[in-house]
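For reference, coords_5.tsv is printed below; it contains TSV, C-alpha atoms.
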chain	number	residue	atom	x	y	z
I	1	MET	CA	0.00	0.00	0.00
I	2	ALA	CA	1.23	3.48	-0.81
I	3	TYR	CA	2.00	5.87	2.04
I	4	ILE	CA	-0.30	8.90	1.92
I	5	TYR	CA	0.07	11.40	4.75
I	6	GLN	CA	-3.59	12.41	4.85
I	7	GLN	CA	-4.69	8.79	5.16
I	8	ALA	CA	-2.05	7.91	7.73
I	9	TYR	CA	-3.26	10.62	10.12
I	10	ALA	CA	-6.94	10.70	9.20
I	11	ARG	CA	-7.97	9.35	12.61
I	12	ASN	CA	-6.47	12.45	14.27
I	13	ILE	CA	-9.13	14.54	12.55
I	14	GLY	CA	-11.87	15.41	14.98
I	15	TRP	CA	-9.41	16.16	17.73
I	16	VAL	CA	-7.57	18.42	15.30
I	17	THR	CA	-8.93	20.08	12.18
I	18	PRO	CA	-7.61	19.24	8.69
I	19	ALA	CA	-5.89	22.63	8.66
I	20	GLU	CA	-4.25	21.94	12.03
I	21	GLN	CA	-3.06	18.53	10.86
I	22	ALA	CA	-1.54	20.17	7.81
I	23	ALA	CA	0.19	22.68	10.10
I	24	LEU	CA	1.65	19.87	12.24
I	25	ARG	CA	3.10	18.32	9.09
I	26	HIS	CA	5.28	21.41	8.67
I	27	LYS	CA	6.46	21.70	12.29
I	28	ARG	CA	9.99	20.79	13.40
I	29	VAL	CA	10.62	19.41	16.90
I	30	ALA	CA	14.01	18.88	18.54
I	31	ILE	CA	14.46	16.06	21.06
I	32	ALA	CA	17.72	15.51	22.94
I	33	GLY	CA	18.00	11.97	24.31
I	34	MET	CA	16.54	8.86	22.67
I	35	GLY	CA	16.32	6.71	25.79
I	36	GLY	CA	13.49	6.18	28.27
I	37	VAL	CA	11.37	9.22	27.50
I	38	GLY	CA	13.09	10.61	24.40
I	39	GLY	CA	12.45	7.59	22.22
I	40	VAL	CA	8.76	7.37	23.05
I	41	HIS	CA	8.48	11.17	22.63
I	42	LEU	CA	9.74	10.80	19.07
I	43	LEU	CA	7.39	7.95	18.15
I	44	THR	CA	4.38	9.63	19.77
I	45	LEU	CA	4.99	12.92	17.99
I	46	ALA	CA	5.61	11.07	14.72
I	47	ARG	CA	2.18	9.47	15.07
I	48	LEU	CA	0.72	12.90	15.78
I	49	GLY	CA	1.94	13.84	12.31
I	50	ILE	CA	4.86	16.14	13.10
I	51	GLY	CA	6.85	16.33	9.87
I	52	ALA	CA	10.43	17.07	10.94
I	53	PHE	CA	12.72	16.25	13.84
I	54	HIS	CA	16.19	16.92	15.12
I	55	ILE	CA	17.20	14.03	17.40
I	56	ALA	CA	20.35	13.64	19.48
I	57	ASP	CA	21.95	10.85	21.50
I	58	PHE	CA	25.50	9.49	21.81
I	59	ASP	CA	24.59	6.23	23.58
I	60	THR	CA	23.94	2.65	22.45
I	61	PHE	CA	21.29	0.21	23.68
I	62	ASP	CA	22.10	-2.10	26.59
I	63	ILE	CA	20.21	-4.89	28.34
I	64	ALA	CA	19.59	-2.57	31.30
I	65	ASN	CA	17.37	-0.43	29.03
I	66	PHE	CA	14.80	-3.18	28.40
I	67	ASN	CA	12.42	-2.25	31.23
I	68	ARG	CA	11.58	1.22	29.90
I	69	GLN	CA	13.08	2.18	26.52
I	70	VAL	CA	10.93	1.58	23.43
I	71	GLY	CA	13.95	1.11	21.18
I	72	ALA	CA	15.60	-1.50	23.40
I	73	THR	CA	15.24	-4.98	21.90
I	74	ILE	CA	17.45	-8.01	21.37
I	75	SER	CA	18.03	-6.92	17.77
I	76	SER	CA	19.06	-3.38	18.81
I	77	LEU	CA	21.60	-4.33	21.50
I	78	GLY	CA	24.82	-2.38	20.98
I	79	GLN	CA	23.31	-0.20	18.27
I	80	PRO	CA	23.23	3.62	18.47
I	81	LYS	CA	19.97	4.81	19.98
I	82	VAL	CA	19.69	7.69	17.55
I	83	ASP	CA	19.85	5.32	14.55
I	84	VAL	CA	17.43	2.77	15.99
I	85	LEU	CA	14.82	5.39	16.83
I	86	ALA	CA	15.29	7.17	13.52
I	87	ALA	CA	14.53	3.90	11.72
I	88	MET	CA	11.44	3.33	13.87
I	89	ALA	CA	10.15	6.85	13.20
I	90	LEU	CA	10.77	6.55	9.47
I	91	ASP	CA	8.85	3.27	9.52
I	92	ILE	CA	5.88	5.31	10.75
I	93	ASN	CA	6.35	8.21	8.35
I	94	PRO	CA	8.84	7.61	5.50
I	95	GLU	CA	8.50	11.28	4.48
I	96	LEU	CA	9.97	12.57	7.75
I	97	LYS	CA	12.69	15.18	7.56
I	98	LEU	CA	15.01	13.77	10.19
I	99	ALA	CA	18.37	15.19	11.27
I	100	ARG	CA	20.50	13.03	13.58
I	101	PHE	CA	23.07	14.26	16.09
I	102	PRO	CA	24.97	11.08	17.04
I	103	ALA	CA	27.39	12.92	19.33
I	104	GLY	CA	24.55	14.18	21.53
I	105	VAL	CA	24.12	17.87	22.29
I	106	SER	CA	26.87	20.25	23.38
I	107	GLN	CA	27.81	23.89	23.11
I	108	ASP	CA	29.49	23.05	19.80
I	109	ASN	CA	26.33	21.90	17.99
I	110	LEU	CA	23.41	23.59	19.76
I	111	ALA	CA	23.11	26.30	17.10
I	112	THR	CA	22.64	23.63	14.42
I	113	PHE	CA	20.49	21.45	16.64
I	114	PHE	CA	18.00	24.28	17.14
I	115	GLU	CA	18.10	25.70	13.61
I	116	GLY	CA	14.54	26.08	12.30
I	117	VAL	CA	13.05	24.33	15.34
I	118	ASP	CA	9.53	25.20	16.57
I	119	LEU	CA	9.64	23.30	19.88
I	120	TYR	CA	12.10	21.46	22.11
I	121	VAL	CA	11.07	18.35	24.06
I	122	ASP	CA	13.51	17.23	26.75
I	123	GLY	CA	14.51	13.57	26.69
I	124	LEU	CA	17.91	13.80	28.38
I	125	ASP	CA	18.96	11.47	31.15
I	126	PHE	CA	18.10	12.80	34.62
I	127	PHE	CA	21.80	13.23	35.44
I	128	ALA	CA	22.82	15.01	32.20
I	129	PHE	CA	23.17	18.30	34.07
I	130	GLY	CA	25.59	20.12	31.77
I	131	ALA	CA	23.78	19.20	28.56
I	132	ARG	CA	20.38	20.03	30.06
I	133	GLN	CA	21.51	23.40	31.41
I	134	ALA	CA	23.05	24.38	28.07
I	135	THR	CA	20.07	23.15	26.07
I	136	PHE	CA	17.44	25.04	28.06
I	137	ALA	CA	19.63	28.15	28.12
I	138	ALA	CA	19.75	28.01	24.32
I	139	CYS	CA	15.95	27.68	24.18
I	140	ALA	CA	15.56	30.78	26.37
I	141	ARG	CA	18.07	32.71	24.26
I	142	LEU	CA	16.49	31.70	20.94
I	143	GLY	CA	12.86	32.05	22.06
I	144	ILE	CA	12.06	28.36	21.52
I	145	PRO	CA	9.32	26.88	23.74
I	146	ALA	CA	10.43	23.83	25.69
I	147	VAL	CA	8.58	20.99	27.43
I	148	THR	CA	9.99	18.62	30.02
I	149	ALA	CA	8.03	15.63	31.32
I	150	ALA	CA	9.74	13.58	34.00
I	151	PRO	CA	8.94	9.89	34.62
I	152	LEU	CA	8.52	9.62	38.37
I	153	GLY	CA	7.37	6.27	39.68
I	154	MET	CA	4.28	5.33	37.70
I	155	GLY	CA	3.44	8.87	36.70
I	156	THR	CA	4.72	12.05	35.12
I	157	ALA	CA	5.52	15.61	36.17
I	158	VAL	CA	5.26	18.27	33.46
I	159	LEU	CA	6.75	21.75	33.10
I	160	ASN	CA	6.56	24.18	30.17
I	161	PHE	CA	9.20	26.87	29.64
I	162	LEU	CA	7.72	29.36	27.22
I	163	PRO	CA	9.21	32.52	25.64
I	164	GLY	CA	8.57	35.60	27.76
I	165	HIS	CA	8.03	33.59	30.94
I	166	MET	CA	10.18	32.02	33.65
I	167	THR	CA	13.22	30.20	32.29
I	168	PHE	CA	14.60	26.81	33.29
I	169	GLU	CA	17.46	28.46	35.18
I	170	GLU	CA	15.16	30.88	36.98
I	171	TYR	CA	12.93	28.02	38.07
I	172	PHE	CA	15.51	25.40	39.13
I	173	ASP	CA	18.18	27.86	40.32
I	174	TRP	CA	21.09	25.62	39.33
I	175	GLY	CA	23.84	28.13	38.61
I	176	ASP	CA	27.30	26.67	39.23
I	177	ARG	CA	26.21	24.40	42.07
I	178	PRO	CA	27.70	20.89	42.44
I	179	ASP	CA	26.01	18.04	40.58
I	180	MET	CA	24.61	16.54	43.79
I	181	GLU	CA	22.86	19.79	44.57
I	182	LYS	CA	21.59	20.10	41.01
I	183	ALA	CA	20.16	16.58	41.24
I	184	LEU	CA	18.29	17.39	44.42
I	185	ARG	CA	16.99	20.71	43.07
I	186	PHE	CA	15.90	19.03	39.85
I	187	LEU	CA	14.06	16.26	41.67
I	188	VAL	CA	12.25	18.61	44.05
I	189	GLY	CA	11.56	21.22	41.37
I	190	LEU	CA	10.11	18.74	38.89
I	191	ALA	CA	7.43	17.49	41.25
I	192	PRO	CA	6.61	19.82	44.13
I	193	ALA	CA	3.60	17.62	44.97
I	194	GLY	CA	5.81	14.53	45.47
I	195	LEU	CA	3.02	12.07	44.64
I	196	HIS	CA	5.41	9.25	43.75
I	197	GLY	CA	7.37	8.94	46.99
I	198	GLY	CA	4.74	7.14	49.05
I	199	TYR	CA	4.85	3.82	47.18
I	200	LEU	CA	8.60	3.45	46.67
I	201	VAL	CA	9.17	0.02	48.20
I	202	ASP	CA	12.98	0.21	48.35
I	203	PRO	CA	14.42	3.70	48.96
I	204	SER	CA	17.97	2.35	48.70
I	205	THR	CA	17.51	2.05	44.92
I	206	ILE	CA	17.72	5.86	44.68
I	207	ASN	CA	21.29	7.08	44.99
I	208	LEU	CA	21.98	10.56	43.63
I	209	LYS	CA	25.71	10.27	44.29
I	210	GLU	CA	25.97	7.12	42.17
I	211	GLN	CA	23.53	8.57	39.62
I	212	ARG	CA	21.05	5.73	39.70
I	213	GLY	CA	17.38	5.21	40.42
I	214	PRO	CA	14.44	2.94	39.58
I	215	SER	CA	12.19	3.49	36.57
I	216	THR	CA	9.06	2.12	34.88
I	217	ILE	CA	7.76	1.98	31.32
I	218	MET	CA	4.44	3.33	32.65
I	219	GLY	CA	6.13	6.54	33.71
I	220	CYS	CA	7.87	6.94	30.35
I	221	GLU	CA	4.72	6.37	28.32
I	222	LEU	CA	2.67	8.73	30.48
I	223	CYS	CA	5.40	11.33	29.92
I	224	ALA	CA	5.09	10.97	26.17
I	225	GLY	CA	1.32	11.38	26.19
I	226	ALA	CA	1.49	14.43	28.43
I	227	ALA	CA	4.39	16.07	26.55
I	228	ALA	CA	2.77	15.45	23.14
I	229	THR	CA	-0.45	17.05	24.38
I	230	GLU	CA	1.44	20.13	25.57
I	231	ALA	CA	3.30	20.14	22.24
I	232	LEU	CA	0.02	20.10	20.32
I	233	LYS	CA	-1.32	23.08	22.27
I	234	ILE	CA	1.90	25.04	21.86
I	235	LEU	CA	2.48	24.28	18.17
I	236	LEU	CA	-1.14	24.98	17.19
I	237	GLN	CA	-1.35	28.03	19.49
I	238	ARG	CA	-4.48	26.70	21.12
I	239	GLY	CA	-3.66	28.14	24.54
I	240	GLY	CA	-3.93	26.26	27.80
I	241	ALA	CA	-0.24	25.36	28.07
I	242	ARG	CA	0.64	26.96	31.39
I	243	PRO	CA	4.24	28.13	31.73
I	244	ALA	CA	6.50	27.61	34.73
I	245	PRO	CA	6.20	28.26	37.64
I	246	TRP	CA	2.97	26.35	36.95
I	247	ALA	CA	3.45	22.59	36.81
I	248	TYR	CA	1.40	19.45	37.21
I	249	GLN	CA	2.00	15.88	38.29
I	250	PHE	CA	-0.22	12.93	37.44
I	251	ASP	CA	0.36	9.64	39.23
I	252	ALA	CA	-1.45	6.64	37.77
I	253	TYR	CA	-0.63	4.41	40.74
I	254	ARG	CA	-2.31	6.80	43.16
I	255	ASN	CA	-4.93	8.01	40.65
I	256	LYS	CA	-4.09	11.60	41.53
I	257	LEU	CA	-3.53	14.82	39.61
I	258	VAL	CA	-2.04	17.85	41.36
I	259	ARG	CA	-1.35	21.25	39.84
I	260	THR	CA	1.31	23.37	41.53
I	261	TRP	CA	2.37	27.01	41.36
I	262	ARG	CA	5.74	27.96	42.78
I	263	PRO	CA	6.58	31.64	42.17
I	264	GLY	CA	10.33	31.95	42.31
I	265	GLY	CA	10.77	28.26	41.55
I	266	ASN	CA	13.24	26.66	43.93
I	267	ARG	CA	13.66	30.00	45.69
I	268	ASN	CA	10.07	29.71	46.88
I	269	PRO	CA	9.83	29.10	50.66
I	270	LEU	CA	7.88	25.87	50.11
I	271	GLN	CA	10.55	24.59	47.76
I	272	ARG	CA	13.35	25.59	50.09
I	273	LEU	CA	11.64	23.65	52.87
I	274	ALA	CA	11.19	20.62	50.61
I	275	MET	CA	14.87	20.70	49.66
I	276	MET	CA	15.92	20.96	53.28
I	277	LEU	CA	13.86	17.87	54.13
I	278	ALA	CA	15.20	16.02	51.09
I	279	ARG	CA	18.79	16.72	52.11
I	280	ARG	CA	18.12	15.05	55.45
I	281	ARG	CA	16.73	11.84	54.02
I	282	ARG	CA	18.27	11.36	50.57
I	283	PRO	CA	19.53	7.76	50.35
I	284	GLY	CA	23.14	6.95	49.64
I	285	ASP	CA	24.56	10.36	50.51
I	286	LYS	CA	27.51	10.01	52.87
I	287	THR	CA	28.70	13.59	52.62

Output the file's structure as structure tokens, nothing else.
Amino acid sequence: MAYIYQQAYARNIGWVTPAEQAALRHKRVAIAGMGGVGGVHLLTLARLGIGAFHIADFDTFDIANFNRQVGATISSLGQPKVDVLAAMALDINPELKLARFPAGVSQDNLATFFEGVDLYVDGLDFFAFGARQATFAACARLGIPAVTAAPLGMGTAVLNFLPGHMTFEEYFDWGDRPDMEKALRFLVGLAPAGLHGGYLVDPSTINLKEQRGPSTIMGCELCAGAAATEALKILLQRGGARPAPWAYQFDAYRNKLVRTWRPGGNRNPLQRLAMMLARRRRPGDKT
């Protein structure tokens, strides 16, 4: 059967208009990271009908990725994530305009990575502090809207950083702080409601110093659905995508949705209190 764009995405019509679907076909989205959330972001947005992507990742697939990464299979072991996910996306839409950045993102290629991009969706590893800080700083400088959806437990926490509003740096207040402090501020800032903590059965599996923590495919897939919905609203200028310091967390395990508003981000008194408590109980920290 021949591939025809209008037929491939016909079932989107009703939730979007034909004109909106045509607009999505001409949008370009950048995604850094093709792992747990980044890979499923790409495939979800490809099925939404986005027509062009810039994707970046320097890593290859490993057996430890099988529990949560959509590109991780026996046949993809040892293969570059960016190539595996590119092939999967092109299998959905062979007309995609797809630019690969197999060295990941860095100060050296951010200008090219963001060239002509309408939206950035964050798929970087939780502990990729330098790359994440540089990437969001570039978005703020270039006026590119950015969405981050974090897989926390069996849910997702979502933040939008939109032009003219609070930036990533203003919200998380990272600066030149040590990586351990950035990790704690990122964790607390992503999910002020903390819905996921109550059902963690083994706290010792979270160790910020060793840069490890548990994950689920449910969290990753919920992230992709939430981020793609925010992307749709932003790209089609429908409104309703609230910028930081607004955020929300949905936890499927607890069947709860909480919206939060933290003026000042991590400088907010509530956030400062949460970070103080987290410093007292964070597992694995011997310092």

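Rounded to one decimal, atom CA of Gly189 of chain I and atom CA of Ala247 of chain I lie 9.4 Å from each other.
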
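The gap separating atom CA of Ala46 of chain I from atom CA of Leu236 of chain I is 15.7 Å, in Å to one decimal.
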
Please report as a Markdown table every residue of segment 42-91 of chain I lying within 7 Å of segment 218-228 of chain I, along with the nearest atom pair and their distance in Å (one decimal), using all atoms listed in the file.
| residue | atom | partner | partner_atom | distance |
| --- | --- | --- | --- | --- |
| I:Thr44 | CA | I:Ala224 | CA | 6.6 |
| I:Leu45 | CA | I:Ala228 | CA | 6.2 |
| I:Arg68 | CA | I:Cys220 | CA | 6.8 |

If we count only C-alpha atoms and set the cut-off at 12 Å, which residues sit around Arg272 of chain I, ignoring sequence neighbours fewer than 3 positions away in its own chain? Please answer as a compact mmCIF listing (two decimals) with C-alpha atoms, in the coordinates of the input.
# COMPACT_ATOMS: atom_id res chain seq x y z
CA PHE I 172 15.51 25.40 39.13
CA ASP I 173 18.18 27.86 40.32
CA LEU I 184 18.29 17.39 44.42
CA ARG I 185 16.99 20.71 43.07
CA VAL I 188 12.25 18.61 44.05
CA GLY I 189 11.56 21.22 41.37
CA PRO I 192 6.61 19.82 44.13
CA ARG I 262 5.74 27.96 42.78
CA GLY I 264 10.33 31.95 42.31
CA GLY I 265 10.77 28.26 41.55
CA ASN I 266 13.24 26.66 43.93
CA ARG I 267 13.66 30.00 45.69
CA ASN I 268 10.07 29.71 46.88
CA PRO I 269 9.83 29.10 50.66
CA MET I 275 14.87 20.70 49.66
CA MET I 276 15.92 20.96 53.28
CA LEU I 277 13.86 17.87 54.13
CA ALA I 278 15.20 16.02 51.09
CA ARG I 279 18.79 16.72 52.11

**Asked** So which one's closest to Thr167 of chain I, I:Ser215, I:Met154, I:Pro263, I:Val82? Using all atoms listed in the file, please.
**Response** I:Pro263

**Asked** With all atoms listed in the file as the basis for distance, which of I:Phe61, I:Trp174, I:Phe53, I:Trp261 is at the shortest distance from Tyr120 of chain I?
**Response**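 With all atoms listed in the file as the atom set, the closest residue is I:Phe53.
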
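One distance worth recording is that between atom CA of Gly143 of chain I and atom CA of Gly164 of chain I, which is 8.0 Å.
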
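Here the question is which of I:Ile234, I:Ile13, I:Ala191, I:Leu43 gets nearest to Gly153 of chain I using all atoms listed in the file, and that residue is I:Ala191.
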
Skip Ala134 of chain I itself and residues of its chain fewer than 4 positions away, then list as a PDB file with C-alpha atoms, in the frame of the given file all residues within 9 Å of it, counting only C-alpha atoms.
ATOM      1  CA  VAL I 105      24.120  17.870  22.290  1.00  0.00           C
ATOM      2  CA  SER I 106      26.870  20.250  23.380  1.00  0.00           C
ATOM      3  CA  GLN I 107      27.810  23.890  23.110  1.00  0.00           C
ATOM      4  CA  LEU I 110      23.410  23.590  19.760  1.00  0.00           C
ATOM      5  CA  PHE I 129      23.170  18.300  34.070  1.00  0.00           C
ATOM      6  CA  GLY I 130      25.590  20.120  31.770  1.00  0.00           C
ATOM      7  CA  ALA I 138      19.750  28.010  24.320  1.00  0.00           C
ATOM      8  CA  CYS I 139      15.950  27.680  24.180  1.00  0.00           C
TER       9      CYS I 139
END

**Prompt:** What's the 10 Å shell around Val70 of chain I, counting all atoms listed in the file, without same-chain residues fewer than 3 positions away, as a list in words?
**Reply:**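 Contacts, in chain order: Met34, Gly35, Gly36, Val37, Gly38, Gly39, Val40, His41, Leu43, Asn65, Phe66, Asn67, Thr73, Val84, Leu85, Met88, Ile217, Cys220 and Glu221 of chain I.
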
**Request:** Compare I:Met180, I:Ala244, I:Ala137, I:Ala52 by their minimum atom-to-atom distance to Met166 of chain I, counting all atoms listed in the file, and give me the closest one.
**Result:**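 Looking at the shortest contact to Met166 of chain I, the residue is I:Ala244.
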
**Request:** Please determine the residues with any atom at most 7 Å from (11.5, 12.0, 39.2) (coordinates as given in the file, with only C-alpha atoms counting) and report them as a VMD selection string.
**Result:** chain I and resid 150 to 152 187 190

Residues as selected, C-alpha atoms, written as a PDB file, in the coordinates of the input, can you do that?
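Written out: selection-v3.pdb:
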ATOM      1  CA  ALA I 150       9.740  13.580  34.000  1.00  0.00           C
ATOM      2  CA  PRO I 151       8.940   9.890  34.620  1.00  0.00           C
ATOM      3  CA  LEU I 152       8.520   9.620  38.370  1.00  0.00           C
ATOM      4  CA  LEU I 187      14.060  16.260  41.670  1.00  0.00           C
ATOM      5  CA  LEU I 190      10.110  18.740  38.890  1.00  0.00           C
TER       6      LEU I 190
END

**Prompt:** Using only C-alpha atoms, which of the listed residues (I:Val16, I:Ala241, I:Ile92, I:Leu200) sits closest to Asn160 of chain I?
**Reply:**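 Among the listed residues, the smallest separation from Asn160 of chain I belongs to I:Ala241.
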